[in-house]
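Enquirer: Before I ask anything, here is the structure I am working with.
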Amino acid sequence: MDTPQPRMRWWGWGEDGHDGPVKPGAKKMLNKVCGRSAGVVNPPIDLDDVQLPAPALPPEAFARIAELLGAGHIRDDHARRVSHSVGRSTPDLIRLRSGVLSSAPDAVLYPGTDAEVDELLAICQEERISVVPFGGGTSVVGGIETVRGEFSGSVCISLARLDEVVDIDEESLTVTVQAGVFGPDLEERLQAVGFTLGHFPQSFEFSTVGGWVATRSAGQQSTGYGRIDAKVLGLRCSTPTGPVELRPSPASAAGPDPRQLIVGSEGTLGIITEVTLGISRLPEVSLPDAWFFPDFHSGAAALREMEQTGLRPDIARLSDVNETAFGLAQLGSGVQRKGVLAVLRARGITTPCLLVLRYDGQRASARMRRADGRDIAKRHKGVSVGGSPETMWEKHRFSTPYLRDQLLTEGTLVDTLETSAPWSAIEQLHDSIGQEIEESLAKRGTPALVLCHISHLYSTGCSLYYTIFARQEEGREIAQWKALKTAASDAIIAGGGTITHHHATGRDHAPWIPRETGELWVRMLRAAKAEADPVGIMNPGKLMNGPDQL
């Protein structure tokens with residue numbers, strides 16, 4: 001039997017055929033701020049030219065694994081090893097384009113049952129082989145990078161064959177699903193019978209349920225439908241010392257919740273093989289809305305009031321001045337952009353911030369929520385522009401990562417990062433993070449354009465999501481990225497934010513975990529790992545095992 005092919009192209013995001021040219025208005029803005037290089041300066045190389053360490057899985061271990069899985073479910077060819085070596089963070093993409101990967105799995109393994117995953121981990125523990133679990137490969141924080149260290153070998157265990165929707169319980173509003181099911185496949189099954197998970201991260205097309213749960217994912221509609229960690233009711237996790245099976249439960253007072261120890265563990269304790277999640281009935285209607293505010297403060301205040309009064313828009317995304325300007329620049333200098341700006345100027349708005357909203361539900365209740373939201377927006381000096389900006393954003397919401405690939409090709413460094421904090425800290429944190437990024441890159445002679453938006457709301461606070469552009473330092477791109485990452489991360493922790501709201505920890509954020517949680521909590525996590533994974537084979541170097549490795 002053929003093993004499943006990776007869904008993403010090996011050198012970048014997504015699939016071929018979706019890359020488009022950078023819009024002229026966006027190019028102009030980038031050139032003005034960053035002095036962006038022109039032309040193709042850093043194209044992807046040929047797959048055959050990528051250099052990898054030779055596979056070195058011990059023959060005895062290979063034979064044991066082949067006996068368990070069958071030789072057809074072990075792949076150690078060049079293409080498969082490259083495509084499972086790294087995720088899709090900015091440094092990952094830079095390394096792929098450089099053609100030199102210092103680490104790669106010796107083999108990619110494809111178990112087909114829970115029992116095979118259990119047995120694989122037992123073999124790897126006995127043979128001292130490190131293990132990286134693999135769902136869709138979309139990590140942007142170094143979460144699936146191979147770390148061989150002192151181990152005798154390293155393998156990537158793909159969940160691609162664990163791809164069944166096991167059960168849809170319409171009475172309890174739950175779905176039980178294997179970890180390798182991709183987002184679109186699950187949503188298609190659910191919507192066919194009138195339900196939705198309501199979980200749509202930007203990686204939706206190429207990420208899996210197991211990956212979502214292992215990283216505490218938040219989707220673009222999580223304000224209304226809830227984060228993935230809030231949806232987990234039960235799960236099964238294979239560990240090197242045996243499986244953990246936690247049956248679905250709506251609530252329990254039986255001590256600390258063991259589900260939440262495994263949710264977000266990023267493969268460091270074991271491999272999640274099955275999960276039961278809460279689902280929702282499909283909404284009767286989805287009503288878009290959009291507003292321009294005179295500044296970020298007014299828009300954020302409107303969102304806070306909407307959330308704290310219980311409106312809970314299912315999509316809520318407020319762009320700051322720079323992100324709004326970048327979005328408008330992509331409209332070019334045509335009639336549409338000029339018309340928008342003229343209307344705003346007439347209302348006294350010269351530094352607009354765009355808010356897009358969507359309200360899902362039964363027709364009457366959704367209309368009422370939208371009407372109440374409009375009243376709040378007006379009180380905070382918002383100018384209504386109808387629903388078309390939200391509809392346009394939603395049409396392209398999964399395609400933004402392709403822009404990063406194109407800009408990397410043309411010599412522009414692009415990175416994203418995110419955090420969350422209490423409402424009382426948001427505006428100061430928004431400013432300080434942007435300022436620290438700009439200053440860190442200005443010192444290197446590469447001015448940055450920093451964009452930000454709010455995209456996940458809570459009664460107590462919200463998230464901040466940043467996109468950074470800067471001209472690449474040829475030959476020093478990784479050092480350049482480290483400079484901006486360190487500056488941003490230090491500012492996040494100093495300003496009271498979390499080091500990650502939904503991207504997870506991986507290797508990239510691990511150095512800041514002790515500063516956020518305290519050393520005692522890190523030792524407690526390591527104690528749990530010592531019980532489940534005494535040899536330390538599970539996704540080493542991530543989450544709790546991160547010295548200053550950035």
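By order in the structure tokens, chains are A, B, ...; within a chain, residues start at 1; ligands start at 1, following the order shown.
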Enumerate, in order of chain and increasing residue number, the residues of region 61-163 of chain A with an atom no farther than 12 Å from region 14-25 of chain A, each with its shortest atom pair and distance in Å to one decimal, counting only C-alpha atoms, as JSON lines.
Expert:
```
{"residue": "A:Gly87", "atom": "CA", "partner": "A:Gly14", "partner_atom": "CA", "distance": 11.8}
{"residue": "A:Arg88", "atom": "CA", "partner": "A:Gly14", "partner_atom": "CA", "distance": 9.9}
{"residue": "A:Gly136", "atom": "CA", "partner": "A:Gly14", "partner_atom": "CA", "distance": 10.3}
{"residue": "A:Gly137", "atom": "CA", "partner": "A:Gly14", "partner_atom": "CA", "distance": 10.4}
{"residue": "A:Thr138", "atom": "CA", "partner": "A:Gly14", "partner_atom": "CA", "distance": 9.3}
```
Enquirer: Running DSSP on the backbone, which parts of region 373-413 of chain A land in strand (DSSP E or B), as a PyMOL selection string?
Expert: chain A and resi 383-384+412-413
Enquirer: With a distance cut-off of 10 Å and only C-alpha atoms, select the neighbouring residues of region 505-518 of chain A, excluding the residue or stretch itself and same-chain residues fewer than 2 positions from it, and output the selection as a ChimeraX atom specification.
Expert: /A:89,91,139-145,215,264-268,482,485-486,489-490,492-494,496-503,520-523,539-550
Enquirer: At what distance in Å, to one decimal, does CA of Arg216 (chain A) lie from CA of Val108 (chain A)?
Expert: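 Computing it gives 24.6 Å between the two atoms.
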Enquirer: Which residues are near Ser249 (chain A)? Cut-off 10 Å, only C-alpha atoms, ignore same chain within fewer than 6 positions. Put them as a list in words.
Expert: Val232, Leu233, Gly234 and Thr276 of chain A
Enquirer: Can I get the selected residues back with C-alpha atoms, as a PDB file, in the first residue's frame?
Expert:
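Written out: out_12.pdb:
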```pdb
ATOM      1  CA  VAL A 232     -11.756  18.687  24.113  1.00  0.00           C
ATOM      2  CA  LEU A 233     -13.986  16.323  26.124  1.00  0.00           C
ATOM      3  CA  GLY A 234     -11.960  13.118  25.881  1.00  0.00           C
ATOM      4  CA  THR A 276     -13.655  13.670  21.274  1.00  0.00           C
TER       5      THR A 276
END
```
Enquirer: To test your reading of the structure, identify every residue in region 30-143 of chain A that backbone DSSP assigns to helix (DSSP H, G or I), and report it as a PyMOL selection string.
Expert: chain A and resi 30-34+47-49+59-69+71-73+78-83+90-98+114-127
Enquirer: Could you list, as a count of residues only, every residue within 9 Å of region 304-321 of chain A, counting only C-alpha atoms and ignoring same-chain residues fewer than 2 positions away?
Expert: 46
Enquirer: Could you check which of A:Ser280, A:Pro248, A:Leu261, A:Phe292 is closest to Glu390 (chain A), using only C-alpha atoms?
Expert: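 Once distances to Glu390 (chain A) are computed over only C-alpha atoms, the minimum belongs to A:Phe292.
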Enquirer: Which residue gives the smallest distance to Ser85 (chain A) among A:Gly475, A:Pro133, A:Pro283, A:Gly112, with only C-alpha atoms counted?
Expert: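 Of A:Gly475, A:Pro133, A:Pro283, A:Gly112, the one nearest Ser85 (chain A) is A:Pro133, counting only C-alpha atoms.
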Enquirer: Please provide the set of residues having any atom within 12 Å of Ile168 (chain A), restricted to only C-alpha atoms, with same-chain residues fewer than 2 positions apart removed, written as a list in words.
Expert: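 Listed by chain and then number, they are Glu164, Val165, Val166, Glu170, Glu171, Ser172, Leu173, Thr174, Val175, Thr176, Val177, Leu186, Glu187, Arg189, Leu190, Gln191, Ala192, Val193, Gly194, Phe195, Thr196, Leu197, Val275, Thr276, Leu277, Gly278, Ile279 and Ser280 of chain A.
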